[in-house]
Amino acid sequence: MRRIGLLGGSFNPAHRGHRRMSLAAIDALGLDELWWLVSPGNPLKPRKGMAPFPARMASARAMARRSRIRVSDFEARAGTRYTVDTIRAIKARYPADRFVWLMGADTVAQFHQWRKWRQLAASVPIAVLSRPGYDGPARAARAMGWLRRFVRPVARARHWTDWSAPAIIFLRLPPDPTSATRLRALDPDWHRRFSERRGAPVTLHKE
Ligand SMILES: Nc1ncnc2c1ncn2[C@@H]1O[C@H](COP(=O)(O)OP(=O)(O)OP(=O)(O)O)[C@@H](O)[C@H]1O
Ligand SMILES: O=C(O)c1ccc[n+]([C@@H]2O[C@H](COP(=O)([O-])O)[C@@H](O)[C@H]2O)c1
């Protein structure tokens, strides 16, 4: 049994904040691996301004180098867009492993708009990663009205495999203010550097 964290994201592009939060979460949760699930298209985000999937994958691979982070195209392969469907498919594909869903504090505010979010929360434990400016709002988020009763103490973080979902933990990690929105504003054409790269596609998931 491997202990695997899943961080879903647009990675438009992947950045230092993703890497730092992921390495800290690997430590806090005692993970064997952390998979970055590069989303073919976040159902709640506009397509405009979204770089091509291969460029986002390549930026994630570059940022994940030499670590326990693995970059995954699972959603593109499985044809899933909604996290509830992705988790079901991953658990079916890797029945021997245990999974925890990771999300930055900023995403909790919208969680009640996710497809079947209560069912999702009942299918996988959730770890919320602190993000500067969003920690207070995350605890006050609409979905927390229901999720609050399932909050686990941070001192038990490494015992997440003992929990039955719903279970949610708020991890306090060293703050990193990096955001992809800001990076795109500074360098809107960032994806050109990656789309020109050639080479055999490396994949975590065998056919
Ligand atoms: N600096 C950060 N600190 C904590 N969590 C982060 C940070 N950056 C991203 N995350 C989390 O990583 C996941 C994927 O993030 P995403 O790829 O959307 O990056 P982003 O910087 O939030 O992008 P954008 O600004 O385009 O919305 C989300 O759950 C997000 O909350
Ligand atoms: O399942 C949903 O309804 C849903 C709605 C919005 C976002 N998500 C997922 O949340 C993750 C973070 O997305 P993003 O674009 O904020 O990086 C990514 O894996 C998305 O697929 C999922």
# chains A, B, ... in the order shown; residues from 1 in each chain; ligands from 1
>>> residues_near_ligand(ligand="ligand 2", cutoff="10 Å", atoms="only C-alpha atoms and all ligand atoms", output="MDAnalysis selection string")
chainID A and resid 6:14 36:46 50 75 80:87 101:104 106:108 110:117 120 180
>>> write_last_selection(atoms="C-alpha atoms", output="PDB file, in the first residue's frame")
ATOM      1  CA  LEU A   6      -3.408  14.079  -5.075  1.00  0.00           C
ATOM      2  CA  LEU A   7      -3.120  17.758  -5.967  1.00  0.00           C
ATOM      3  CA  GLY A   8      -5.442  18.639  -8.826  1.00  0.00           C
ATOM      4  CA  GLY A   9      -4.817  21.844 -10.675  1.00  0.00           C
ATOM      5  CA  SER A  10      -4.691  23.798 -13.898  1.00  0.00           C
ATOM      6  CA  PHE A  11      -0.917  24.329 -13.557  1.00  0.00           C
ATOM      7  CA  ASN A  12      -1.194  27.257 -15.948  1.00  0.00           C
ATOM      8  CA  PRO A  13       1.794  27.303 -15.335  1.00  0.00           C
ATOM      9  CA  ALA A  14       3.165  25.145 -12.489  1.00  0.00           C
ATOM     10  CA  TRP A  36      -0.071  16.458  -9.582  1.00  0.00           C
ATOM     11  CA  LEU A  37      -3.242  15.789 -11.574  1.00  0.00           C
ATOM     12  CA  VAL A  38      -3.035  18.253 -14.423  1.00  0.00           C
ATOM     13  CA  SER A  39      -6.621  19.126 -15.317  1.00  0.00           C
ATOM     14  CA  PRO A  40      -7.594  19.026 -19.014  1.00  0.00           C
ATOM     15  CA  GLY A  41     -10.065  21.785 -18.086  1.00  0.00           C
ATOM     16  CA  ASN A  42     -11.332  22.954 -14.696  1.00  0.00           C
ATOM     17  CA  PRO A  43     -15.149  22.888 -15.069  1.00  0.00           C
ATOM     18  CA  LEU A  44     -15.425  26.224 -13.218  1.00  0.00           C
ATOM     19  CA  LYS A  45     -12.676  28.113 -15.083  1.00  0.00           C
ATOM     20  CA  PRO A  46     -13.012  29.808 -18.496  1.00  0.00           C
ATOM     21  CA  MET A  50      -5.785  28.417 -20.517  1.00  0.00           C
ATOM     22  CA  GLU A  75      -7.877  12.873 -16.107  1.00  0.00           C
ATOM     23  CA  THR A  80     -12.888  12.725 -16.320  1.00  0.00           C
ATOM     24  CA  ARG A  81     -13.265  16.441 -15.548  1.00  0.00           C
ATOM     25  CA  TYR A  82     -15.066  16.419 -12.224  1.00  0.00           C
ATOM     26  CA  THR A  83     -13.045  15.462  -9.179  1.00  0.00           C
ATOM     27  CA  VAL A  84     -15.745  13.133  -7.849  1.00  0.00           C
ATOM     28  CA  ASP A  85     -15.412  11.064 -11.060  1.00  0.00           C
ATOM     29  CA  THR A  86     -11.604  11.239 -11.040  1.00  0.00           C
ATOM     30  CA  ILE A  87     -11.372   9.924  -7.476  1.00  0.00           C
ATOM     31  CA  TRP A 101      -7.033  14.926  -1.801  1.00  0.00           C
ATOM     32  CA  LEU A 102      -5.046  18.160  -1.411  1.00  0.00           C
ATOM     33  CA  MET A 103      -6.355  21.626  -2.144  1.00  0.00           C
ATOM     34  CA  GLY A 104      -5.149  25.154  -1.495  1.00  0.00           C
ATOM     35  CA  ASP A 106      -8.364  29.480  -1.870  1.00  0.00           C
ATOM     36  CA  THR A 107     -10.299  26.630  -3.510  1.00  0.00           C
ATOM     37  CA  VAL A 108     -12.409  25.904  -0.395  1.00  0.00           C
ATOM     38  CA  GLN A 110     -15.891  27.456  -4.232  1.00  0.00           C
ATOM     39  CA  PHE A 111     -16.044  23.875  -3.002  1.00  0.00           C
ATOM     40  CA  HIS A 112     -19.834  23.969  -2.574  1.00  0.00           C
ATOM     41  CA  GLN A 113     -20.065  24.537  -6.364  1.00  0.00           C
ATOM     42  CA  TRP A 114     -18.146  21.358  -7.194  1.00  0.00           C
ATOM     43  CA  ARG A 115     -20.113  18.471  -8.628  1.00  0.00           C
ATOM     44  CA  LYS A 116     -21.499  16.196  -5.871  1.00  0.00           C
ATOM     45  CA  TRP A 117     -19.110  17.751  -3.374  1.00  0.00           C
ATOM     46  CA  LEU A 120     -16.638  13.591  -3.067  1.00  0.00           C
ATOM     47  CA  ALA A 180      -0.191  31.428 -11.672  1.00  0.00           C
TER      48      ALA A 180
END
>>> select_by_dssp(residues="chain A", states="strand (DSSP E or B)", output="PyMOL selection string")
chain A and resi 3-9+33-38+69-72+98-104+126-129+151+168-171
>>> closest_residue(among="A:Ser164, A:Ser179, A:Ser22, A:Ser72", to="ligand 1", atoms="only C-alpha atoms and all ligand atoms")
A:Ser179
>>> closest_residue(among="A:Gly145, A:Gly133, A:Pro153, A:Gly5", to="Ala24 (chain A)", atoms="only C-alpha atoms")
A:Gly5
>>> atom_distance(atom1="CA of Trp160 (chain A)", atom2="atom 26 (O, counted along the ligand's line) of ligand 1")
28.7 Å
>>> residues_around(residues="Phe170 (chain A)", least_positions_apart="5", cutoff="7 Å", atoms="only C-alpha atoms", output="PDB file with C-alpha atoms, in the first residue's frame")
ATOM      1  CA  ALA A 127      -6.074  18.170   3.354  1.00  0.00           C
ATOM      2  CA  VAL A 128      -6.332  21.938   2.927  1.00  0.00           C
ATOM      3  CA  LEU A 129      -3.005  23.689   2.365  1.00  0.00           C
ATOM      4  CA  VAL A 154      -3.441  18.721  12.826  1.00  0.00           C
TER       5      VAL A 154
END
>>> residues_around(residues="Gly136 (chain A)", least_positions_apart="5", cutoff="10 Å", atoms="only C-alpha atoms", output="PyMOL selection string")
chain A and resi 105-106+130-131+141
>>> write_last_selection(atoms="C-alpha atoms", output="short mmCIF file (atom, residue, chain, number, x, y, z; two decimals), in the first residue's frame")
data_model
loop_
_atom_site.label_atom_id
_atom_site.label_comp_id
_atom_site.auth_asym_id
_atom_site.auth_seq_id
_atom_site.Cartn_x
_atom_site.Cartn_y
_atom_site.Cartn_z
CA ALA A 105 -7.15 27.25 0.98
CA ASP A 106 -8.36 29.48 -1.87
CA SER A 130 -2.64 27.17 3.82
CA ARG A 131 -2.28 30.03 1.33
CA ALA A 141 -16.52 28.97 3.44
#
>>> residues_around(residues="Pro166 (chain A)", least_positions_apart="2", cutoff="8 Å", atoms="only C-alpha atoms", output="PyMOL selection string")
chain A and resi 121-126+147+150+164+168
>>> atom_distance(atom1="CA of Phe53 (chain A)", atom2="CA of Asp32 (chain A)")
26.2 Å
>>> select_by_dssp(residues="region 5-152 of chain A", states="alpha helix (DSSP H)", output="tab-separated table (two decimals) with N, CA and C atoms, in the first residue's frame")
chain	number	residue	atom	x	y	z
A	16	ARG	N	6.61	27.70	-8.23
A	16	ARG	CA	7.34	27.41	-7.01
A	16	ARG	C	6.40	27.14	-5.83
A	17	GLY	N	5.26	27.86	-5.80
A	17	GLY	CA	4.30	27.67	-4.72
A	17	GLY	C	3.77	26.23	-4.71
A	18	HIS	N	3.45	25.70	-5.90
A	18	HIS	CA	2.98	24.31	-5.96
A	18	HIS	C	4.03	23.37	-5.38
A	19	ARG	N	5.27	23.58	-5.79
A	19	ARG	CA	6.34	22.69	-5.34
A	19	ARG	C	6.56	22.79	-3.84
A	20	ARG	N	6.64	24.01	-3.33
A	20	ARG	CA	6.91	24.17	-1.90
A	20	ARG	C	5.79	23.59	-1.05
A	21	MET	N	4.53	23.86	-1.44
A	21	MET	CA	3.40	23.34	-0.66
A	21	MET	C	3.38	21.81	-0.72
A	22	SER	N	3.72	21.30	-1.89
A	22	SER	CA	3.68	19.84	-2.07
A	22	SER	C	4.75	19.16	-1.22
A	23	LEU	N	5.97	19.72	-1.21
A	23	LEU	CA	7.04	19.10	-0.41
A	23	LEU	C	6.69	19.17	1.08
A	24	ALA	N	6.11	20.30	1.50
A	24	ALA	CA	5.71	20.42	2.90
A	24	ALA	C	4.59	19.45	3.24
A	25	ALA	N	3.65	19.25	2.30
A	25	ALA	CA	2.54	18.33	2.55
A	25	ALA	C	3.02	16.87	2.58
A	26	ILE	N	4.00	16.54	1.76
A	26	ILE	CA	4.57	15.18	1.76
A	26	ILE	C	5.09	14.87	3.16
A	27	ASP	N	5.76	15.84	3.73
A	27	ASP	CA	6.31	15.72	5.08
A	27	ASP	C	5.20	15.61	6.13
A	28	ALA	N	4.28	16.56	6.09
A	28	ALA	CA	3.24	16.63	7.12
A	28	ALA	C	2.33	15.40	7.13
A	29	LEU	N	2.07	14.84	5.94
A	29	LEU	CA	1.12	13.73	5.83
A	29	LEU	C	1.83	12.38	5.70
A	53	PHE	N	-2.82	21.87	-22.96
A	53	PHE	CA	-2.55	20.83	-21.96
A	53	PHE	C	-1.09	20.35	-22.00
A	54	PRO	N	-0.50	20.06	-23.19
A	54	PRO	CA	0.90	19.58	-23.19
A	54	PRO	C	1.87	20.58	-22.57
A	55	ALA	N	1.65	21.86	-22.78
A	55	ALA	CA	2.55	22.87	-22.20
A	55	ALA	C	2.39	22.90	-20.67
A	56	ARG	N	1.16	22.75	-20.19
A	56	ARG	CA	0.94	22.75	-18.73
A	56	ARG	C	1.57	21.50	-18.11
A	57	MET	N	1.44	20.35	-18.81
A	57	MET	CA	2.09	19.12	-18.34
A	57	MET	C	3.61	19.31	-18.27
A	58	ALA	N	4.17	19.91	-19.33
A	58	ALA	CA	5.63	20.08	-19.39
A	58	ALA	C	6.11	21.03	-18.29
A	59	SER	N	5.36	22.08	-18.03
A	59	SER	CA	5.77	23.01	-16.96
A	59	SER	C	5.71	22.30	-15.61
A	60	ALA	N	4.71	21.44	-15.43
A	60	ALA	CA	4.59	20.70	-14.17
A	60	ALA	C	5.76	19.72	-14.02
A	61	ARG	N	6.12	19.05	-15.11
A	61	ARG	CA	7.25	18.09	-15.03
A	61	ARG	C	8.54	18.81	-14.66
A	62	ALA	N	8.74	19.99	-15.25
A	62	ALA	CA	9.97	20.74	-14.96
A	62	ALA	C	9.99	21.15	-13.49
A	63	MET	N	8.84	21.56	-12.97
A	63	MET	CA	8.78	22.04	-11.58
A	63	MET	C	8.86	20.89	-10.58
A	64	ALA	N	8.50	19.69	-11.00
A	64	ALA	CA	8.45	18.55	-10.08
A	64	ALA	C	9.75	17.75	-10.03
A	74	PHE	N	-3.78	11.62	-15.71
A	74	PHE	CA	-4.84	10.63	-15.48
A	74	PHE	C	-6.20	11.12	-15.99
A	75	GLU	N	-6.54	12.38	-15.72
A	75	GLU	CA	-7.88	12.87	-16.11
A	75	GLU	C	-8.04	12.88	-17.63
A	76	ALA	N	-6.96	13.26	-18.34
A	76	ALA	CA	-7.04	13.27	-19.81
A	76	ALA	C	-7.23	11.84	-20.32
A	77	ARG	N	-6.54	10.89	-19.71
A	77	ARG	CA	-6.64	9.49	-20.13
A	77	ARG	C	-8.00	8.90	-19.80
A	78	ALA	N	-8.47	9.19	-18.58
A	78	ALA	CA	-9.72	8.57	-18.12
A	78	ALA	C	-10.94	9.31	-18.67
A	83	THR	N	-13.90	16.17	-10.14
A	83	THR	CA	-13.04	15.46	-9.18
A	83	THR	C	-13.74	14.22	-8.62
A	84	VAL	N	-15.04	14.29	-8.40
A	84	VAL	CA	-15.75	13.13	-7.85
A	84	VAL	C	-15.58	11.92	-8.77
A	85	ASP	N	-15.59	12.16	-10.09
A	85	ASP	CA	-15.41	11.06	-11.06
A	85	ASP	C	-13.95	10.60	-11.10
A	86	THR	N	-13.04	11.56	-11.01
A	86	THR	CA	-11.60	11.24	-11.04
A	86	THR	C	-11.23	10.34	-9.86
A	87	ILE	N	-11.72	10.71	-8.67
A	87	ILE	CA	-11.37	9.92	-7.48
A	87	ILE	C	-11.92	8.50	-7.60
A	88	ARG	N	-13.14	8.39	-8.11
A	88	ARG	CA	-13.72	7.05	-8.26
A	88	ARG	C	-12.86	6.22	-9.21
A	89	ALA	N	-12.44	6.84	-10.32
A	89	ALA	CA	-11.65	6.12	-11.33
A	89	ALA	C	-10.25	5.77	-10.79
A	90	ILE	N	-9.65	6.67	-10.04
A	90	ILE	CA	-8.31	6.40	-9.50
A	90	ILE	C	-8.37	5.26	-8.48
A	91	LYS	N	-9.40	5.29	-7.63
A	91	LYS	CA	-9.50	4.22	-6.62
A	91	LYS	C	-9.73	2.86	-7.28
A	92	ALA	N	-10.49	2.87	-8.38
A	92	ALA	CA	-10.73	1.61	-9.10
A	92	ALA	C	-9.45	1.11	-9.79
A	93	ARG	N	-8.67	2.06	-10.30
A	93	ARG	CA	-7.44	1.70	-11.04
A	93	ARG	C	-6.31	1.27	-10.10
A	105	ALA	N	-6.06	26.62	0.21
A	105	ALA	CA	-7.15	27.25	0.98
A	105	ALA	C	-8.06	28.08	0.09
A	106	ASP	N	-7.53	28.63	-1.00
A	106	ASP	CA	-8.36	29.48	-1.87
A	106	ASP	C	-9.48	28.70	-2.56
A	107	THR	N	-9.29	27.40	-2.77
A	107	THR	CA	-10.30	26.63	-3.51
A	107	THR	C	-11.49	26.22	-2.62
A	108	VAL	N	-11.32	26.34	-1.29
A	108	VAL	CA	-12.41	25.90	-0.40
A	108	VAL	C	-13.64	26.81	-0.56
A	117	TRP	N	-20.24	17.52	-4.27
A	117	TRP	CA	-19.11	17.75	-3.37
A	117	TRP	C	-19.22	16.98	-2.06
A	118	ARG	N	-20.44	16.75	-1.59
A	118	ARG	CA	-20.55	15.96	-0.34
A	118	ARG	C	-20.15	14.51	-0.60
A	119	GLN	N	-20.58	14.01	-1.75
A	119	GLN	CA	-20.20	12.63	-2.13
A	119	GLN	C	-18.69	12.53	-2.30
A	120	LEU	N	-18.10	13.55	-2.92
A	120	LEU	CA	-16.64	13.59	-3.07
A	120	LEU	C	-15.97	13.54	-1.69
A	121	ALA	N	-16.43	14.40	-0.77
A	121	ALA	CA	-15.83	14.46	0.57
A	121	ALA	C	-16.00	13.13	1.31
A	135	ASP	N	-6.69	31.74	4.40
A	135	ASP	CA	-6.93	30.76	5.46
A	135	ASP	C	-8.20	31.07	6.27
A	136	GLY	N	-8.38	32.35	6.61
A	136	GLY	CA	-9.60	32.76	7.33
A	136	GLY	C	-10.83	32.48	6.47
A	137	PRO	N	-10.87	33.01	5.24
A	137	PRO	CA	-12.02	32.74	4.37
A	137	PRO	C	-12.31	31.25	4.17
A	138	ALA	N	-11.27	30.41	4.13
A	138	ALA	CA	-11.51	28.97	3.92
A	138	ALA	C	-12.33	28.39	5.07
A	139	ARG	N	-11.99	28.76	6.28
A	139	ARG	CA	-12.71	28.20	7.44
A	139	ARG	C	-14.15	28.70	7.49
A	144	MET	N	-18.02	24.64	4.53
A	144	MET	CA	-17.57	24.30	5.89
A	144	MET	C	-18.75	24.15	6.85
A	145	GLY	N	-19.91	24.75	6.49
A	145	GLY	CA	-21.10	24.57	7.32
A	145	GLY	C	-21.38	23.09	7.54
A	146	TRP	N	-21.11	22.30	6.50
A	146	TRP	CA	-21.32	20.84	6.60
A	146	TRP	C	-20.03	20.11	6.97
A	147	LEU	N	-18.89	20.60	6.44
A	147	LEU	CA	-17.61	19.88	6.62
A	147	LEU	C	-17.02	20.06	8.03
>>> closest_residue(among="A:Pro52, A:Ala96, A:Trp163, A:Pro174", to="ligand 1", atoms="only C-alpha atoms and all ligand atoms")
A:Pro174
>>> atom_distance(atom1="atom 7 (C, counted along the ligand's line) of ligand 1", atom2="CA of Ala51 (chain A)")
18.2 Å
>>> closest_residue(among="A:Leu34, A:Ala143, A:Leu183, A:Leu173", to="Val71 (chain A)", atoms="only C-alpha atoms")
A:Leu34
>>> residues_around(residues="Tyr94 (chain A)", least_positions_apart="5", cutoff="10 Å", atoms="only C-alpha atoms", output="number ranges by chain")
A: 1-2, 89, 99
>>> decode(residues="region 109-145 of chain A", atoms="N, CA and C atoms", output="compact mmCIF listing (two decimals), in the first residue's frame")
# COMPACT_ATOMS: atom_id res chain seq x y z
N ALA A 109 -13.41 28.09 -0.88
CA ALA A 109 -14.53 29.03 -1.02
C ALA A 109 -15.52 28.58 -2.10
N GLN A 110 -15.03 27.89 -3.11
CA GLN A 110 -15.89 27.46 -4.23
C GLN A 110 -16.31 26.00 -4.10
N PHE A 111 -15.87 25.33 -3.07
CA PHE A 111 -16.04 23.88 -3.00
C PHE A 111 -17.52 23.47 -3.08
N HIS A 112 -18.40 24.32 -2.54
CA HIS A 112 -19.83 23.97 -2.57
C HIS A 112 -20.40 24.00 -4.00
N GLN A 113 -19.60 24.53 -4.96
CA GLN A 113 -20.07 24.54 -6.36
C GLN A 113 -19.54 23.33 -7.14
N TRP A 114 -18.70 22.53 -6.51
CA TRP A 114 -18.15 21.36 -7.19
C TRP A 114 -19.24 20.30 -7.32
N ARG A 115 -19.12 19.51 -8.38
CA ARG A 115 -20.11 18.47 -8.63
C ARG A 115 -20.12 17.44 -7.49
N LYS A 116 -21.30 17.20 -6.93
CA LYS A 116 -21.50 16.20 -5.87
C LYS A 116 -20.44 16.32 -4.78
N TRP A 117 -20.24 17.52 -4.27
CA TRP A 117 -19.11 17.75 -3.37
C TRP A 117 -19.22 16.98 -2.06
N ARG A 118 -20.44 16.75 -1.59
CA ARG A 118 -20.55 15.96 -0.34
C ARG A 118 -20.15 14.51 -0.60
N GLN A 119 -20.58 14.01 -1.75
CA GLN A 119 -20.20 12.63 -2.13
C GLN A 119 -18.69 12.53 -2.30
N LEU A 120 -18.10 13.55 -2.92
CA LEU A 120 -16.64 13.59 -3.07
C LEU A 120 -15.97 13.54 -1.69
N ALA A 121 -16.43 14.40 -0.77
CA ALA A 121 -15.83 14.46 0.57
C ALA A 121 -16.00 13.13 1.31
N ALA A 122 -17.05 12.40 0.98
CA ALA A 122 -17.27 11.11 1.64
C ALA A 122 -16.41 10.01 1.02
N SER A 123 -15.74 10.33 -0.10
CA SER A 123 -14.99 9.28 -0.80
C SER A 123 -13.49 9.35 -0.58
N VAL A 124 -13.00 10.48 -0.03
CA VAL A 124 -11.55 10.64 0.13
C VAL A 124 -11.28 11.67 1.23
N PRO A 125 -10.31 11.44 2.11
CA PRO A 125 -9.96 12.48 3.07
C PRO A 125 -9.37 13.70 2.35
N ILE A 126 -9.55 14.87 2.95
CA ILE A 126 -9.12 16.12 2.31
C ILE A 126 -8.11 16.84 3.21
N ALA A 127 -7.02 17.32 2.61
CA ALA A 127 -6.07 18.17 3.35
C ALA A 127 -6.05 19.54 2.67
N VAL A 128 -6.34 20.57 3.45
CA VAL A 128 -6.33 21.94 2.93
C VAL A 128 -4.97 22.57 3.25
N LEU A 129 -4.33 23.09 2.21
CA LEU A 129 -3.01 23.69 2.37
C LEU A 129 -3.15 25.19 2.55
N SER A 130 -2.50 25.74 3.57
CA SER A 130 -2.64 27.17 3.82
C SER A 130 -2.10 27.97 2.64
N ARG A 131 -2.71 29.14 2.41
CA ARG A 131 -2.28 30.03 1.33
C ARG A 131 -2.49 31.45 1.82
N PRO A 132 -1.46 32.30 1.68
CA PRO A 132 -1.56 33.65 2.25
C PRO A 132 -2.83 34.38 1.78
N GLY A 133 -3.60 34.89 2.75
CA GLY A 133 -4.80 35.66 2.44
C GLY A 133 -6.07 34.84 2.36
N TYR A 134 -5.97 33.52 2.40
CA TYR A 134 -7.15 32.68 2.18
C TYR A 134 -7.51 31.77 3.36
N ASP A 135 -6.69 31.74 4.40
CA ASP A 135 -6.93 30.76 5.46
C ASP A 135 -8.20 31.07 6.27
N GLY A 136 -8.38 32.35 6.61
CA GLY A 136 -9.60 32.76 7.33
C GLY A 136 -10.83 32.48 6.47
N PRO A 137 -10.87 33.01 5.24
CA PRO A 137 -12.02 32.74 4.37
C PRO A 137 -12.31 31.25 4.17
N ALA A 138 -11.27 30.41 4.13
CA ALA A 138 -11.51 28.97 3.92
C ALA A 138 -12.33 28.39 5.07
N ARG A 139 -11.99 28.76 6.28
CA ARG A 139 -12.71 28.20 7.44
C ARG A 139 -14.15 28.70 7.49
N ALA A 140 -14.38 29.88 6.89
CA ALA A 140 -15.73 30.46 6.88
C ALA A 140 -16.49 30.10 5.60
N ALA A 141 -15.91 29.28 4.75
CA ALA A 141 -16.52 28.97 3.44
C ALA A 141 -17.85 28.25 3.63
N ARG A 142 -18.70 28.40 2.59
CA ARG A 142 -20.05 27.83 2.68
C ARG A 142 -20.02 26.31 2.93
N ALA A 143 -19.15 25.61 2.24
CA ALA A 143 -19.09 24.14 2.40
C ALA A 143 -18.70 23.74 3.82
N MET A 144 -18.02 24.64 4.53
CA MET A 144 -17.57 24.30 5.89
C MET A 144 -18.75 24.15 6.85
N GLY A 145 -19.91 24.75 6.49
CA GLY A 145 -21.10 24.57 7.32
C GLY A 145 -21.38 23.09 7.54
